[in-house]
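A.B. asks: Below you'll find the structure I mean.
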Protein chains: 4
Amino acid sequence: MIPISDSRGFASDNYAGIHPDVLSAIASANTGHVPAYGDDAVTAAAVERFRTVLGAQAEVFFVFNGTGANVTALQALLRPWENVICAESAHINVDECGAPERILGSKLVDVPTPDGKLTSDLVRAAYLGSGDQHHVQPRVVSITQSTELGTLYSIDELRALSNTAHEFNMYIHMDGARISNAAASLGVSLKATTADVGIDVLSFGGTKNGLLGGEAVVFFRPELAEQALFIRKQQMQLSSKMRFVAAQFLALLDDDLWLRNASHSNAMAQRLVGAVKDVPGVTVTRAVQANSVFAILPRAAIPQLQSAYPFYVWNEALQEVRWMCSWDTTEDDIDQFAKLVAEIVPASA
Amino acid sequence: MIPISDSRGFASDNYAGIHPDVLSAIASANTGHVPAYGDDAVTAAAVERFRTVLGAQAEVFFVFNGTGANVTALQALLRPWENVICAESAHINVDECGAPERILGSKLVDVPTPDGKLTSDLVRAAYLGSGDQHHVQPRVVSITQSTELGTLYSIDELRALSNTAHEFNMYIHMDGARISNAAASLGVSLKATTADVGIDVLSFGGTKNGLLGGEAVVFFRPELAEQALFIRKQQMQLSSKMRFVAAQFLALLDDDLWLRNASHSNAMAQRLVGAVKDVPGVTVTRAVQANSVFAILPRAAIPQLQSAYPFYVWNEALQEVRWMCSWDTTEDDIDQFAKLVAEIVPASA
Amino acid sequence: MIPISDSRGFASDNYAGIHPDVLSAIASANTGHVPAYGDDAVTAAAVERFRTVLGAQAEVFFVFNGTGANVTALQALLRPWENVICAESAHINVDECGAPERILGSKLVDVPTPDGKLTSDLVRAAYLGSGDQHHVQPRVVSITQSTELGTLYSIDELRALSNTAHEFNMYIHMDGARISNAAASLGVSLKATTADVGIDVLSFGGTKNGLLGGEAVVFFRPELAEQALFIRKQQMQLSSKMRFVAAQFLALLDDDLWLRNASHSNAMAQRLVGAVKDVPGVTVTRAVQANSVFAILPRAAIPQLQSAYPFYVWNEALQEVRWMCSWDTTEDDIDQFAKLVAEIVPASA
Amino acid sequence: MIPISDSRGFASDNYAGIHPDVLSAIASANTGHVPAYGDDAVTAAAVERFRTVLGAQAEVFFVFNGTGANVTALQALLRPWENVICAESAHINVDECGAPERILGSKLVDVPTPDGKLTSDLVRAAYLGSGDQHHVQPRVVSITQSTELGTLYSIDELRALSNTAHEFNMYIHMDGARISNAAASLGVSLKATTADVGIDVLSFGGTKNGLLGGEAVVFFRPELAEQALFIRKQQMQLSSKMRFVAAQFLALLDDDLWLRNASHSNAMAQRLVGAVKDVPGVTVTRAVQANSVFAILPRAAIPQLQSAYPFYVWNEALQEVRWMCSWDTTEDDIDQFAKLVAEIVPASA
């Protein structure tokens with residue numbers, strides 16, 4: 001009855017399936033009658049596990065998806081006449097069908113950046129109208145780690161941005177849909193790239209790193225979480241059988257599965273960029289710092305490659321494509337695809 | 001790592017776990033790289049399966065939870081200056097933390113009812129202010145089948161309500177979180193109690209009937225679904241790895257699993273009410289037409305029973321409790337609990 | 001060019017025009033170039049005048065209309081997952097086209113009352129779900145003084161309600177669209193029926209008591225007003241040429257014009273009820289405590305009376321009508337109308 | 001009691017007062033008891049007058065202020081998952097405290113422009129994501145005539161933009177807070193620069209051109225106005241004593257007062273720019289096409305000039321100031337101020 005797929009590709013890390021350890025954890029949690037809505041032992045254990053990893057003060061709320069995580073996190077920080085400063089390329093600005101504006105009522109102030117990264121100078125320039133009743137009031141800086149462009153903030157850059165936000169009496173939110181890839185690539189702990197650099201609230205990504213589905217909103221300042229139960233429910237992000245979301249995170253945080261998965265997908269991106277960067281006709285356009293590779297290709301080569309290995313065109317005008325690696329990308333996937341690139345691209349140039 | 005539970009109780013049908021066939025279906029779908037966000041073969045198969053069951057014109061959108069289903073469905077029918085007429089006891093009115101008002105911007109006009117059921121007369125009385133700029137405009141009748149009180153609309157009652165709604169140029173929405181229990185109890189098909197009686201949009205429940213998590217919004221008039229893709233995404237109800245939601249529904253609709261599960265939980269409720277209704281001190285308060293039993297008990301008996309088998313007090317003032325049966329409630333659960341009721345209640349009266 | 005009207009009636013106190021002193025004040029303020037948006041000397045003087053009348057701690061924000069005043073006031077008190085408990089007959093519940101739900105995102109919990117007045121017992125019964133993530137959280141009690149039904153809260157009743165609200169950690173808001181009529185009827189100062197009984201925020205009505213147009217939101221606890229500038233602007237209630245709203249209020253508060261106007265309209269209601277209450281076929285249905293009279297009439301009499309003096313049918317089923325007196329209702333208006341009632345009603349009975 | 005002002009300045013056209021003819025019209029309408037909320041003869045006459053001026057198909061709704069006009073107009077065109085493309089400098093984007101996002105729930109896509117004017121090419125570049133569930137859907141092009149920078153769209157430019165919008169199945173909205181200045185400057189009728197070039201909905205400005213306070217939303221396609229009564233009320237823009245808003249517009253449209261006022265303020269801006277443009281140290285930065293002059297000045301000169309004649313610094317970094325002329329700016333105002341500029345600026349350079 002269930003259509004079986006054996007296709008391979010580089011379209012997205014959420015084209016990948018469920019890591020076997022995660023599926024096992026779901027099955028293990030499938031016993032007895034268990035309180036719904038998070039009042040259960042599995043959820044308690046998962047929250048405790050998060051506190052071990054991210055700090056004892058962390059307040060953790062599981063939600064369904066990345067948009068839900070971002071909007072729940074931002075809602076805890078914002079009144080509707082306050083704004084969010086973010087990169088123009090941010091997921092909240094581009095890929096969430098306007099959910100932040102719709103649900104929060106707040107304006108996003110989107111700042112053009114060359115590499116998907118805000119800087120203190122960019123934040124300062126966007127900090128406008130404080131105290132003026134005609135203008136929305138600056139309240140949150142939202143950054144993405146790793147960015148939609150596959151780039152990374154360094155620890156120093158993160159600390160500088162946190163400081164700038166806090167100097168302006170703003171909060172700093174991190175969209176960490178790929179926070180595991182970032183920590184793995186930086187070679188630091190999850191805490192080192194979030195709580196320790198002054199992040200106030202984190203959207204912690206699970207789905208793109210091997211879960212069936214689940215994200216976590218993590219507050220590093222407990223007072224910011226005081227209304228989070230009501231926010232999550234009102235924003236339709238409260239799972240009834242929450243033990244099955246929590247069980248996935250237990251698996252992800254156990255034995256560093258988060259790190260193994262993320263390191264692997266990062267390594268696959270490195271393997272890919274190494275294999276194609278010198279192919280004539282391929283121009284790699286972004287620093288490869290996490291699990292994606294961006295490149296400009298000859299127009300004719302793109303559909304040929306896509307028919308064998310699906311992937312997205314990122315920028316139609318530039319013929320820039322995105323190749324995303326995931327926890328289940330294999331060395332063989334990379335090698336076969338790189339071989340194809342080497343065959344097709346030079347011939348199309 | 002995962003805390004194992006062997007507890008049993010009657011608190012809620014979402015205290016139950018995942019039906020084994022549903023978990024198997026998830027595992028079967030866990031192959032290869034598959035397009036995200038519903039553009040995959042599993043989702044296509046599940047939608048097709050729904051059309052077989054509910055009619056070829058059905059437009060189906062999978063979402064995460066019941067609140068998400070209701071709000072997505074209502075959004076497709078409503079502008080913010082239009083209202084929803086519902087029973088005072090409706091889930092949308094009581095149990096969704098104000099999500100409908102918050103997300104839709106619309107007023108709910110909640111009507112007191114003795115049994116959780118609207119009637120044409122009640123709708124007529126609540127239909128006020130049409131054309132008057134000072135008043136919200138009547139637009140949707142929302143009913144719940146089976147109701148929060150464990151009661152059922154008959155086929156004739158449904159048809160009468162649909163007709164009334166349509167005469168007033170209103171839409172009719174059905175919150176079908178337990179639609180399977182309703183169809184099973186009425187002894188009719190899912191289509192007979194939804195599309196065939198004139199329902200415009202249905203929230204089709206999965207989670208309470210054996211899924212890990214997943215609901216479906218089903219539009220019976222395709223033109224109402226035109227904006228549903230954007231609504232679902234903006235309301236943060238779009239699953240990235242949607243194949244795993246769709247696979248659950250394939251399992252539920254296969255071999256009438258929906259019917260077997262629902263018939264079983266209904267039968268358990270009948271077994272329970274049969275066993276306790278004549279126990280001195282027990283007053284059954286609602287017609288038992290689906291999978292729940294409501295009863296008034298002596299105050300002292302309640303905590304004693306709860307400590308053995310968790311359940312909720314529905315109305316503190318009346319000492320009215322709710323016992324909910326689920327797909328995994330066993331005859332042994334019922335018999336042991338009924339024995340306890342027979343021991344404890346008369347002694348507490 | 002301007003169509004001149006000489007018609008008289010009892011339809012509404014906003015069918016009346018501008019009191020001459022108010023129009024003079026507008027003309028007096030029409031000099032020179034003056035800062036917009038409230039940063040002007042006329043506005044400062046009006047705010048100061050309000051503080052003399054209502055207490056030095058009052059924070060005052062002028063807005064356009066009654067709905068704007070109520071929603072601005074409530075927004076300062078509420079997050080969207082918090083609710084407002086109000087009488088079913090409240091203006092915010094019935095007559096604002098759903099603006100509170102739409103703009104605030106909050107649920108209104110509307111309580112049936114016999115006379116338009118909440119009581120502490122009614123508030124206690126409606127106070128539900130505190131701390132439960134599935135329910136909206138109780139936050140504001142909103143009352144109307146005088147009520148839509150022409151009745152009044154006594155000083156003791158107001159104090160009791162404030163105490164109840166504050167015991168529950170809720171705020172109390174007063175819709176004072178007709179607060180002047182209330183204070184005049186109670187024979188107390190404006191402060192005595194608002195600040196002194198513990199009201200937190202007041203919508204102070206001007207338009208129904210002789211202004212061209214203008215209402216004031218008055219916060220009696222300054223900390224509640226901290227975001228009011230932004231709220232007012234975002235809710236589209238910020239007047240650019242605010243001096244002309246402020247000048248109207250200066251006139252209203254000068255030489256007790258508010259009291260003279262309100263006392264007059266109250267007296268006209270007393271004159272009317274006195275003249276008609278014993279007419280055979282007239283049943284006065286509400287205590288006449290402010291400027292309106294409610295009565296049940298024979299069905300045939302209503303259109304005959306309306307064609308001479310327009311007024312509204314309040315309850316079609318009961319044939320209950322509302323006669324509203326205003327600052328410019330004359331004794332002659334009353335006497336002529338009463339004479340007509342005495343002629344027409346007995347003949348129609 | 002009313003503080004009298006005799007100050008003069010160039011801060012804003014809403015620092016000006018009420019034109020005497022407008023105040024007279026208000027006084028003339030102040031007779032008798034008149035139906036509230038727009039159901040009166042003055043309002044009917046004003047709507048009819050608008051139809052004479054703008055076309056028989058125009059549907060006209062009076063509102064309180066410019067933000068209210070824009071948001072009411074846009075609400076009639078938009079669902080919350082649809083967006084508005086506008087210039088970065090647009091009033092809706094900068095000066096409305098986020099009211100559009102808050103009330104509409106929609107994203108504004110703000111486009112940088114050199115002169116405050118969108119072009120067809122800019123609209124095409126911003127038209128993204130149509131049909132993609134992850135992206136807000138393009139629906140409205142909103143332009144301002146004359147712009148916040150004192151520039152004008154030509155008739156040809158307007159027609160081109162309308163065509164582009166309509167080709168893309170989008171609507172075109174015009175923020176005409178200063179539409180009279182635009183028509184006066186272009187030397188065409190109000191209809192020629194709105195209905196005749198294909199504008200769908202217009203915010204028609206009154207307050208900045210001599211009214212006490214009032215704007216009009218004008219729909220040129222009647223089907224777009226079908227829900228406008230409810231939108232206006234729910235957005236808290238419905239005036240109870242509407243005759244007094246309508247009377248102002250009757251005065252404005254009578255004897256071409258709109259044109260006389262606007263031509264005068266435009267002429268004053270020309271007189272000003274003519275007098276200062278060659279003063280050493282003054283750099284005029286924008287084409288002077290309506291009633292404002294923008295110039296860069298030596299930093300030291302600005303506060304000296306402001307202390308004599310208040311005006312705003314538009315761009316702090318550039319030391320660019322805005323001088324706004326109004327219907328009541330006199331030749332003497334201009335000449336005295338220009339003399340001061342000639343004295344102070346060269347000495348500060």
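Labeling convention for the structure tokens: chains A, B, ... as they appear, residues from 1 per chain, ligands from 1 in order of appearance.
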Tell me as a ChimeraX atom specification which residues belonging to chain D come within 6 Å of chain C, counting only C-alpha atoms.
C.D. replies: /D:3,5-8,15-17,30-36,42,67-68,97,99,234,236
A.B. asks: May I have all residues of segment 106-319 of chain D that DSSP, computed from the backbone, assigns to helix (DSSP H, G or I), given as a ChimeraX atom specification?
C.D. replies: /D:120-126,155-167,179-186,195-197,207-209,222-225,228-234,243-276,301-308
A.B. asks: From the list D:Gly116, D:Pro138, D:Pro280, D:Pro303, which residue is nearest Glu343 of chain D when using only C-alpha atoms?
C.D. replies: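 Smallest distance to Glu343 of chain D is found for D:Pro280.
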A.B. asks: Within 7 Å of segment 105-108 of chain D, counting only C-alpha atoms, which residues show up once you throw out same-chain ones fewer than 6 positions away? Write them as a list in words, please.
C.D. replies: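 Everything that qualifies: Gly98, Glu101, Arg102 and Gly105 of chain A; Pro80, Trp81, Glu82, Asn83, Val84, Ile85 and Cys86 of chain D.
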A.B. asks: Write a file of the just-selected residues containing all heavy atoms, as a PDB file, in the first residue's frame.
C.D. replies:
```pdb
ATOM      1  N   GLY A  98       4.511  34.219   5.169  1.00  0.00           N
ATOM      2  CA  GLY A  98       4.034  35.357   5.944  1.00  0.00           C
ATOM      3  C   GLY A  98       3.496  35.003   7.324  1.00  0.00           C
ATOM      4  O   GLY A  98       2.856  35.840   7.967  1.00  0.00           O
ATOM      5  N   GLU A 101       4.327  37.662  10.194  1.00  0.00           N
ATOM      6  CA  GLU A 101       3.507  38.870  10.172  1.00  0.00           C
ATOM      7  C   GLU A 101       2.060  38.530  10.547  1.00  0.00           C
ATOM      8  O   GLU A 101       1.422  39.242  11.314  1.00  0.00           O
ATOM      9  CB  GLU A 101       3.525  39.527   8.785  1.00  0.00           C
ATOM     10  CG  GLU A 101       4.845  40.201   8.430  1.00  0.00           C
ATOM     11  CD  GLU A 101       5.790  39.299   7.677  1.00  0.00           C
ATOM     12  OE1 GLU A 101       5.605  38.059   7.691  1.00  0.00           O
ATOM     13  OE2 GLU A 101       6.733  39.815   7.044  1.00  0.00           O
ATOM     14  N   ARG A 102       1.539  37.472   9.971  1.00  0.00           N
ATOM     15  CA  ARG A 102       0.147  37.106  10.215  1.00  0.00           C
ATOM     16  C   ARG A 102      -0.116  36.781  11.682  1.00  0.00           C
ATOM     17  O   ARG A 102      -1.090  37.254  12.269  1.00  0.00           O
ATOM     18  CB  ARG A 102      -0.214  35.898   9.358  1.00  0.00           C
ATOM     19  CG  ARG A 102      -1.510  35.200   9.760  1.00  0.00           C
ATOM     20  CD  ARG A 102      -2.707  36.070   9.451  1.00  0.00           C
ATOM     21  NE  ARG A 102      -3.972  35.433   9.768  1.00  0.00           N
ATOM     22  CZ  ARG A 102      -4.514  34.433   9.109  1.00  0.00           C
ATOM     23  NH1 ARG A 102      -3.913  33.908   8.065  1.00  0.00           N
ATOM     24  NH2 ARG A 102      -5.681  33.941   9.465  1.00  0.00           N
ATOM     25  N   GLY A 105       1.640  39.732  14.043  1.00  0.00           N
ATOM     26  CA  GLY A 105       1.205  41.093  13.769  1.00  0.00           C
ATOM     27  C   GLY A 105       2.364  42.064  13.655  1.00  0.00           C
ATOM     28  O   GLY A 105       2.147  43.263  13.500  1.00  0.00           O
TER      29      GLY A 105
ATOM     30  N   PRO D  80      -4.767  37.409   4.239  1.00  0.00           N
ATOM     31  CA  PRO D  80      -3.500  37.607   4.967  1.00  0.00           C
ATOM     32  C   PRO D  80      -2.283  36.904   4.357  1.00  0.00           C
ATOM     33  O   PRO D  80      -1.156  37.250   4.706  1.00  0.00           O
ATOM     34  CB  PRO D  80      -3.803  37.076   6.384  1.00  0.00           C
ATOM     35  CG  PRO D  80      -5.122  36.398   6.307  1.00  0.00           C
ATOM     36  CD  PRO D  80      -5.832  36.877   5.096  1.00  0.00           C
ATOM     37  N   TRP D  81      -2.497  35.941   3.486  1.00  0.00           N
ATOM     38  CA  TRP D  81      -1.353  35.280   2.847  1.00  0.00           C
ATOM     39  C   TRP D  81      -0.969  35.963   1.534  1.00  0.00           C
ATOM     40  O   TRP D  81      -0.144  35.450   0.788  1.00  0.00           O
ATOM     41  CB  TRP D  81      -1.628  33.796   2.624  1.00  0.00           C
ATOM     42  CG  TRP D  81      -2.945  33.535   1.949  1.00  0.00           C
ATOM     43  CD1 TRP D  81      -3.176  33.465   0.610  1.00  0.00           C
ATOM     44  CD2 TRP D  81      -4.211  33.361   2.603  1.00  0.00           C
ATOM     45  NE1 TRP D  81      -4.525  33.256   0.387  1.00  0.00           N
ATOM     46  CE2 TRP D  81      -5.178  33.172   1.582  1.00  0.00           C
ATOM     47  CE3 TRP D  81      -4.609  33.333   3.931  1.00  0.00           C
ATOM     48  CZ2 TRP D  81      -6.536  32.971   1.880  1.00  0.00           C
ATOM     49  CZ3 TRP D  81      -5.952  33.130   4.214  1.00  0.00           C
ATOM     50  CH2 TRP D  81      -6.899  32.942   3.201  1.00  0.00           C
ATOM     51  N   GLU D  82      -1.536  37.123   1.305  1.00  0.00           N
ATOM     52  CA  GLU D  82      -1.206  37.893   0.092  1.00  0.00           C
ATOM     53  C   GLU D  82      -0.428  39.144   0.493  1.00  0.00           C
ATOM     54  O   GLU D  82      -0.581  39.640   1.608  1.00  0.00           O
ATOM     55  CB  GLU D  82      -2.496  38.249  -0.637  1.00  0.00           C
ATOM     56  CG  GLU D  82      -3.241  36.995  -1.106  1.00  0.00           C
ATOM     57  CD  GLU D  82      -4.621  37.256  -1.698  1.00  0.00           C
ATOM     58  OE1 GLU D  82      -5.206  38.323  -1.391  1.00  0.00           O
ATOM     59  OE2 GLU D  82      -5.112  36.399  -2.432  1.00  0.00           O
ATOM     60  N   ASN D  83       0.388  39.633  -0.404  1.00  0.00           N
ATOM     61  CA  ASN D  83       1.268  40.729  -0.013  1.00  0.00           C
ATOM     62  C   ASN D  83       0.963  42.033  -0.736  1.00  0.00           C
ATOM     63  O   ASN D  83       0.121  42.099  -1.630  1.00  0.00           O
ATOM     64  CB  ASN D  83       2.745  40.321  -0.198  1.00  0.00           C
ATOM     65  CG  ASN D  83       3.153  40.259  -1.656  1.00  0.00           C
ATOM     66  OD1 ASN D  83       2.507  40.827  -2.528  1.00  0.00           O
ATOM     67  ND2 ASN D  83       4.222  39.548  -1.936  1.00  0.00           N
ATOM     68  N   VAL D  84       1.659  43.061  -0.304  1.00  0.00           N
ATOM     69  CA  VAL D  84       1.572  44.401  -0.877  1.00  0.00           C
ATOM     70  C   VAL D  84       2.978  44.812  -1.287  1.00  0.00           C
ATOM     71  O   VAL D  84       3.888  44.814  -0.460  1.00  0.00           O
ATOM     72  CB  VAL D  84       1.044  45.416   0.161  1.00  0.00           C
ATOM     73  CG1 VAL D  84       0.963  46.815  -0.443  1.00  0.00           C
ATOM     74  CG2 VAL D  84      -0.302  44.982   0.717  1.00  0.00           C
ATOM     75  N   ILE D  85       3.145  45.153  -2.545  1.00  0.00           N
ATOM     76  CA  ILE D  85       4.430  45.679  -3.021  1.00  0.00           C
ATOM     77  C   ILE D  85       4.351  47.199  -2.963  1.00  0.00           C
ATOM     78  O   ILE D  85       3.427  47.803  -3.508  1.00  0.00           O
ATOM     79  CB  ILE D  85       4.728  45.181  -4.453  1.00  0.00           C
ATOM     80  CG1 ILE D  85       4.815  43.645  -4.461  1.00  0.00           C
ATOM     81  CG2 ILE D  85       5.983  45.827  -5.006  1.00  0.00           C
ATOM     82  CD1 ILE D  85       4.950  43.030  -5.845  1.00  0.00           C
ATOM     83  N   CYS D  86       5.309  47.809  -2.275  1.00  0.00           N
ATOM     84  CA  CYS D  86       5.295  49.267  -2.117  1.00  0.00           C
ATOM     85  C   CYS D  86       6.713  49.795  -2.092  1.00  0.00           C
ATOM     86  O   CYS D  86       7.677  49.037  -1.945  1.00  0.00           O
ATOM     87  CB  CYS D  86       4.565  49.661  -0.832  1.00  0.00           C
ATOM     88  SG  CYS D  86       5.373  49.077   0.671  1.00  0.00           S
TER      89      CYS D  86
END
```
A.B. asks: Would you mind writing down, as a PyMOL selection string, each residue of segment 36-163 of chain D that DSSP on the backbone assigns to strand (DSSP E)?
C.D. replies: chain D and resi 59-63+82-87+108-111+137-144
A.B. asks: Which residue is closest to Val47 of chain B? Choose from B:Ala183, B:Leu74, B:Leu253, B:Val123 and count only C-alpha atoms.
C.D. replies: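 Smallest separation from Val47 of chain B among the options: B:Leu253.
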A.B. asks: Taking 5 positions as the minimum chain separation for residues in the same chain, which residues sit within 12 Å of His264 of chain A when counting only C-alpha atoms? Answer as a list in words.
C.D. replies: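 Returned residues: Ser180, Asn181, Ala184, Ser185, Asn209, Gly210, Leu257, Trp258, Leu259, Ala269, Gln270, Arg271, Ala290, Asn291, Cys325, Ser326, Trp327, Asp328, Thr329, Thr330 and Glu331 of chain A.
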A.B. asks: Restricting the output to C-alpha atoms, write the selected residues as a compact mmCIF listing (two decimals), in the first residue's frame.
C.D. replies:
```
# COMPACT_ATOMS: atom_id res chain seq x y z
CA SER A 180 23.58 20.81 14.77
CA ASN A 181 25.36 21.32 11.48
CA ALA A 184 29.52 20.21 14.26
CA SER A 185 31.24 22.43 11.73
CA ASN A 209 18.70 16.09 11.14
CA GLY A 210 16.97 12.73 11.15
CA LEU A 257 23.40 11.15 17.31
CA TRP A 258 22.81 14.85 16.54
CA LEU A 259 26.57 15.26 16.08
CA ALA A 269 29.04 18.62 1.44
CA GLN A 270 32.80 18.92 1.72
CA ARG A 271 33.25 15.77 -0.33
CA ALA A 290 27.67 23.37 6.73
CA ASN A 291 25.76 20.80 4.64
CA CYS A 325 23.40 16.88 1.85
CA SER A 326 21.64 15.05 4.65
CA TRP A 327 22.32 12.51 7.39
CA ASP A 328 21.61 9.70 4.94
CA THR A 329 23.59 10.98 1.98
CA THR A 330 26.15 8.34 1.12
CA GLU A 331 29.68 8.64 -0.21
```
A.B. asks: Between atom CA of Asp110 of chain D and atom CA of Glu88 of chain A, what is the distance in Å, rounded to a tenth?
C.D. replies: 11.3 Å
A.B. asks: Of the candidates D:Val60, D:Ala295, D:Ala300, D:Ala287, which shows the shortest atom-to-atom distance to Val313 of chain D, using only C-alpha atoms?
C.D. replies: D:Ala295
A.B. asks: Using Å and a single decimal, report how far atom CA of Val279 of chain C sits from atom CA of Asn315 of chain C.
C.D. replies: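 Interatomic distance here is 20.4 Å.
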